[in-house]
file work-v2.txt (compact mmCIF, C-alpha atoms)
# COMPACT_ATOMS: atom_id res chain seq x y z
CA MET A 1 32.93 56.99 -38.44
CA THR A 2 30.44 59.76 -38.73
CA ASP A 3 28.30 61.42 -36.10
CA VAL A 4 24.66 60.43 -36.19
CA SER A 5 22.05 62.79 -34.75
CA ARG A 6 18.42 62.41 -33.86
CA THR A 7 15.90 64.91 -32.47
CA VAL A 8 13.21 63.58 -30.15
CA ARG A 9 10.40 65.00 -28.02
CA ILE A 10 10.45 64.33 -24.27
CA GLY A 11 7.61 62.04 -23.19
CA SER A 12 7.90 62.05 -19.38
CA SER A 13 5.11 64.26 -18.03
CA HIS A 14 7.46 65.79 -15.45
CA GLY A 15 10.41 66.13 -17.82
CA LEU A 16 13.85 64.67 -17.37
CA HIS A 17 14.03 64.86 -13.58
CA ALA A 18 16.19 62.60 -11.39
CA ARG A 19 14.72 59.14 -12.10
CA PRO A 20 14.33 59.31 -15.90
CA ALA A 21 17.58 61.29 -16.16
CA LYS A 22 19.37 58.53 -14.25
CA LEU A 23 17.89 55.82 -16.52
CA PHE A 24 18.90 57.79 -19.60
CA ALA A 25 22.43 58.66 -18.40
CA GLN A 26 23.08 55.06 -17.32
CA ALA A 27 21.92 53.72 -20.70
CA ALA A 28 24.16 56.25 -22.47
CA LYS A 29 27.12 55.21 -20.30
CA ASP A 30 26.43 51.49 -20.79
CA SER A 31 26.28 51.90 -24.59
CA GLY A 32 30.04 52.43 -24.76
CA VAL A 33 29.46 55.11 -27.39
CA ASN A 34 30.13 58.84 -27.02
CA VAL A 35 26.67 60.42 -26.84
CA THR A 36 25.73 64.05 -26.29
CA ILE A 37 22.34 65.61 -25.61
CA ALA A 38 21.35 69.21 -26.31
CA LYS A 39 18.13 71.09 -25.55
CA GLY A 40 17.01 73.34 -28.39
CA ALA A 41 19.94 75.41 -29.66
CA GLY A 42 21.85 75.01 -26.39
CA ALA A 43 25.30 73.55 -25.99
CA PRO A 44 25.47 69.74 -25.91
CA VAL A 45 26.45 67.89 -22.74
CA ASN A 46 27.76 64.38 -22.16
CA ALA A 47 24.63 62.18 -22.09
CA ALA A 48 26.31 59.81 -19.60
CA SER A 49 26.53 62.62 -17.01
CA ILE A 50 23.39 62.64 -14.86
CA LEU A 51 24.28 66.08 -13.49
CA GLY A 52 24.83 67.43 -16.99
CA VAL A 53 21.50 66.00 -18.18
CA ILE A 54 19.56 67.38 -15.18
CA ALA A 55 21.27 70.78 -15.57
CA LEU A 56 19.68 71.15 -19.03
CA GLY A 57 16.27 71.59 -17.33
CA ILE A 58 14.46 69.43 -19.87
CA GLU A 59 10.67 69.57 -19.54
CA PHE A 60 7.79 67.52 -20.98
CA GLY A 61 7.39 68.28 -24.68
CA ASP A 62 10.86 69.80 -25.11
CA TYR A 63 12.86 68.75 -28.14
CA VAL A 64 16.37 67.46 -27.59
CA THR A 65 19.05 66.42 -30.06
CA LEU A 66 21.09 63.31 -29.43
CA THR A 67 24.39 62.83 -31.22
CA ALA A 68 26.36 59.59 -31.14
CA ASP A 69 29.81 58.76 -32.45
CA GLY A 70 31.20 55.25 -32.42
CA ASP A 71 30.13 51.70 -33.18
CA ARG A 72 26.46 51.14 -34.01
CA PRO A 73 25.38 54.74 -33.30
CA ASP A 74 21.94 54.14 -34.86
CA ASP A 75 21.19 51.26 -32.47
CA VAL A 76 22.32 53.32 -29.49
CA LEU A 77 20.20 56.31 -30.54
CA ASP A 78 17.17 54.04 -31.09
CA THR A 79 17.46 52.80 -27.50
CA LEU A 80 18.07 56.24 -25.99
CA ALA A 81 15.29 57.88 -28.04
CA GLU A 82 12.84 55.25 -26.80
CA LEU A 83 13.81 56.06 -23.20
CA LEU A 84 13.24 59.78 -23.79
CA THR A 85 9.88 59.43 -25.53
CA THR A 86 8.46 57.09 -22.87
CA ASP A 87 6.45 58.65 -20.01
CA HIS A 88 8.31 57.36 -16.94
CA ASP A 89 5.87 59.26 -14.71
CA ALA A 90 2.74 57.45 -15.90

call {"tool": "encode", "arguments": {"input": "work-v2.txt", "output": "structure tokens"}}
result
Amino acid sequence: MTDVSRTVRIGSSHGLHARPAKLFAQAAKDSGVNVTIAKGAGAPVNAASILGVIALGIEFGDYVTLTADGDRPDDVLDTLAELLTTDHDA
């Protein structure tokens, strides 16, 4: 299996604060696939860790890179990318 990566732009107008971070981390956990998220050139964190995701300080318009390793990584990244590009604060 190979790692699959995707870079997406954050769509929530208030960034990845508690509520959208929780939705994202839960979806990453539920996927059953190892997923990491990194902001810019920063170190990646476990995408299933809400504290790790919030600690990245991701704001509206920031670019993040998702990397998945496991079964159906493209499907998992499609789902997670959609969560990140949606404005959950609208």

call {"tool": "residues_around", "arguments": {"input": "work-v2.txt", "residues": "Gly15 (chain A)", "least_positions_apart": "6", "cutoff": "9 Å", "atoms": "only C-alpha atoms", "output": "VMD selection string"}}
result
chain A and resid 21 57 to 62 87 89

call {"tool": "closest_residue", "arguments": {"input": "work-v2.txt", "among": "A:Thr85, A:Leu51, A:Gly40, A:Ser31", "to": "Thr65 (chain A)", "atoms": "all atoms listed in the file"}}
result
A:Gly40

call {"tool": "closest_residue", "arguments": {"input": "work-v2.txt", "among": "A:Val35, A:Ala55, A:Gln26, A:Arg19", "to": "Asp74 (chain A)", "atoms": "all atoms listed in the file"}}
result
A:Val35

call {"tool": "residues_around", "arguments": {"input": "work-v2.txt", "residues": "Ala43 (chain A)", "least_positions_apart": "4", "cutoff": "12 Å", "atoms": "all atoms listed in the file", "output": "list in words"}}
result
Thr36, Ile37, Ala38, Lys39, Gly52, Val53, Ala55, Leu56, Val64, Thr65, Leu66 and Thr67 of chain A

call {"tool": "atom_distance", "arguments": {"input": "work-v2.txt", "atom1": "CA of Ala90 (chain A)", "atom2": "CA of Ala25 (chain A)"}}
result
19.9 Å

call {"tool": "residues_around", "arguments": {"input": "work-v2.txt", "residues": "Pro73 (chain A)", "least_positions_apart": "4", "cutoff": "8 Å", "atoms": "all atoms listed in the file", "output": "PyMOL selection string"}}
result
chain A and resi 3-4+33+68-69+77

call {"tool": "residues_around", "arguments": {"input": "work-v2.txt", "residues": "Ala18 (chain A)", "least_positions_apart": "3", "cutoff": "9 Å", "atoms": "only C-alpha atoms", "output": "PyMOL selection string"}}
result
chain A and resi 21-23+50+54

call {"tool": "decode", "arguments": {"input": "work-v2.txt", "residues": "region 30-87 of chain A", "atoms": "C-alpha atoms", "output": "mmCIF file, in the first residue's frame"}}
result
data_model
loop_
_atom_site.group_PDB
_atom_site.id
_atom_site.type_symbol
_atom_site.label_atom_id
_atom_site.label_comp_id
_atom_site.auth_asym_id
_atom_site.auth_seq_id
_atom_site.Cartn_x
_atom_site.Cartn_y
_atom_site.Cartn_z
ATOM 1 C CA ASP A 30 -14.291 6.192 11.896
ATOM 2 C CA SER A 31 -12.541 5.643 8.540
ATOM 3 C CA GLY A 32 -10.323 2.946 10.050
ATOM 4 C CA VAL A 33 -7.424 4.299 8.005
ATOM 5 C CA ASN A 34 -4.291 5.989 9.353
ATOM 6 C CA VAL A 35 -4.684 9.650 8.396
ATOM 7 C CA THR A 36 -2.439 12.587 9.222
ATOM 8 C CA ILE A 37 -3.020 16.306 8.722
ATOM 9 C CA ALA A 38 -0.329 18.968 8.413
ATOM 10 C CA LYS A 39 -0.605 22.754 8.124
ATOM 11 C CA GLY A 40 1.791 24.234 5.592
ATOM 12 C CA ALA A 41 5.282 22.814 6.085
ATOM 13 C CA GLY A 42 4.558 21.863 9.698
ATOM 14 C CA ALA A 43 4.822 18.411 11.198
ATOM 15 C CA PRO A 44 1.832 16.125 10.578
ATOM 16 C CA VAL A 45 -0.437 15.060 13.436
ATOM 17 C CA ASN A 46 -2.869 12.172 13.792
ATOM 18 C CA ALA A 47 -6.084 13.395 12.115
ATOM 19 C CA ALA A 48 -8.181 11.316 14.552
ATOM 20 C CA SER A 49 -6.853 13.366 17.509
ATOM 21 C CA ILE A 50 -9.126 16.355 18.119
ATOM 22 C CA LEU A 51 -6.508 17.947 20.395
ATOM 23 C CA GLY A 52 -3.803 17.446 17.784
ATOM 24 C CA VAL A 53 -6.006 18.966 15.063
ATOM 25 C CA ILE A 54 -6.975 21.989 17.192
ATOM 26 C CA ALA A 55 -3.323 22.495 18.235
ATOM 27 C CA LEU A 56 -2.407 23.125 14.576
ATOM 28 C CA GLY A 57 -4.282 26.462 14.762
ATOM 29 C CA ILE A 58 -5.834 26.053 11.322
ATOM 30 C CA GLU A 59 -7.596 29.193 10.077
ATOM 31 C CA PHE A 60 -9.983 29.935 7.194
ATOM 32 C CA GLY A 61 -8.111 29.804 3.894
ATOM 33 C CA ASP A 62 -5.136 27.838 5.253
ATOM 34 C CA TYR A 63 -3.867 24.949 3.185
ATOM 35 C CA VAL A 64 -3.502 21.584 4.863
ATOM 36 C CA THR A 65 -2.132 18.296 3.570
ATOM 37 C CA LEU A 66 -3.928 15.067 4.360
ATOM 38 C CA THR A 67 -2.091 11.771 4.036
ATOM 39 C CA ALA A 68 -3.807 8.394 4.278
ATOM 40 C CA ASP A 69 -2.366 4.899 4.386
ATOM 41 C CA GLY A 70 -4.539 1.813 4.285
ATOM 42 C CA ASP A 71 -7.563 0.443 2.460
ATOM 43 C CA ARG A 72 -9.367 2.822 0.096
ATOM 44 C CA PRO A 73 -7.276 5.883 0.997
ATOM 45 C CA ASP A 74 -8.718 7.874 -1.931
ATOM 46 C CA ASP A 75 -12.296 7.397 -0.695
ATOM 47 C CA VAL A 76 -11.296 8.389 2.826
ATOM 48 C CA LEU A 77 -9.475 11.509 1.610
ATOM 49 C CA ASP A 78 -12.460 12.471 -0.578
ATOM 50 C CA THR A 79 -14.726 12.390 2.480
ATOM 51 C CA LEU A 80 -12.298 14.237 4.754
ATOM 52 C CA ALA A 81 -11.462 16.860 2.113
ATOM 53 C CA GLU A 82 -15.168 17.584 1.681
ATOM 54 C CA LEU A 83 -15.493 18.148 5.437
ATOM 55 C CA LEU A 84 -12.553 20.573 5.415
ATOM 56 C CA THR A 85 -13.690 22.597 2.409
ATOM 57 C CA THR A 86 -17.251 23.023 3.719
ATOM 58 C CA ASP A 87 -18.051 26.166 5.737
#
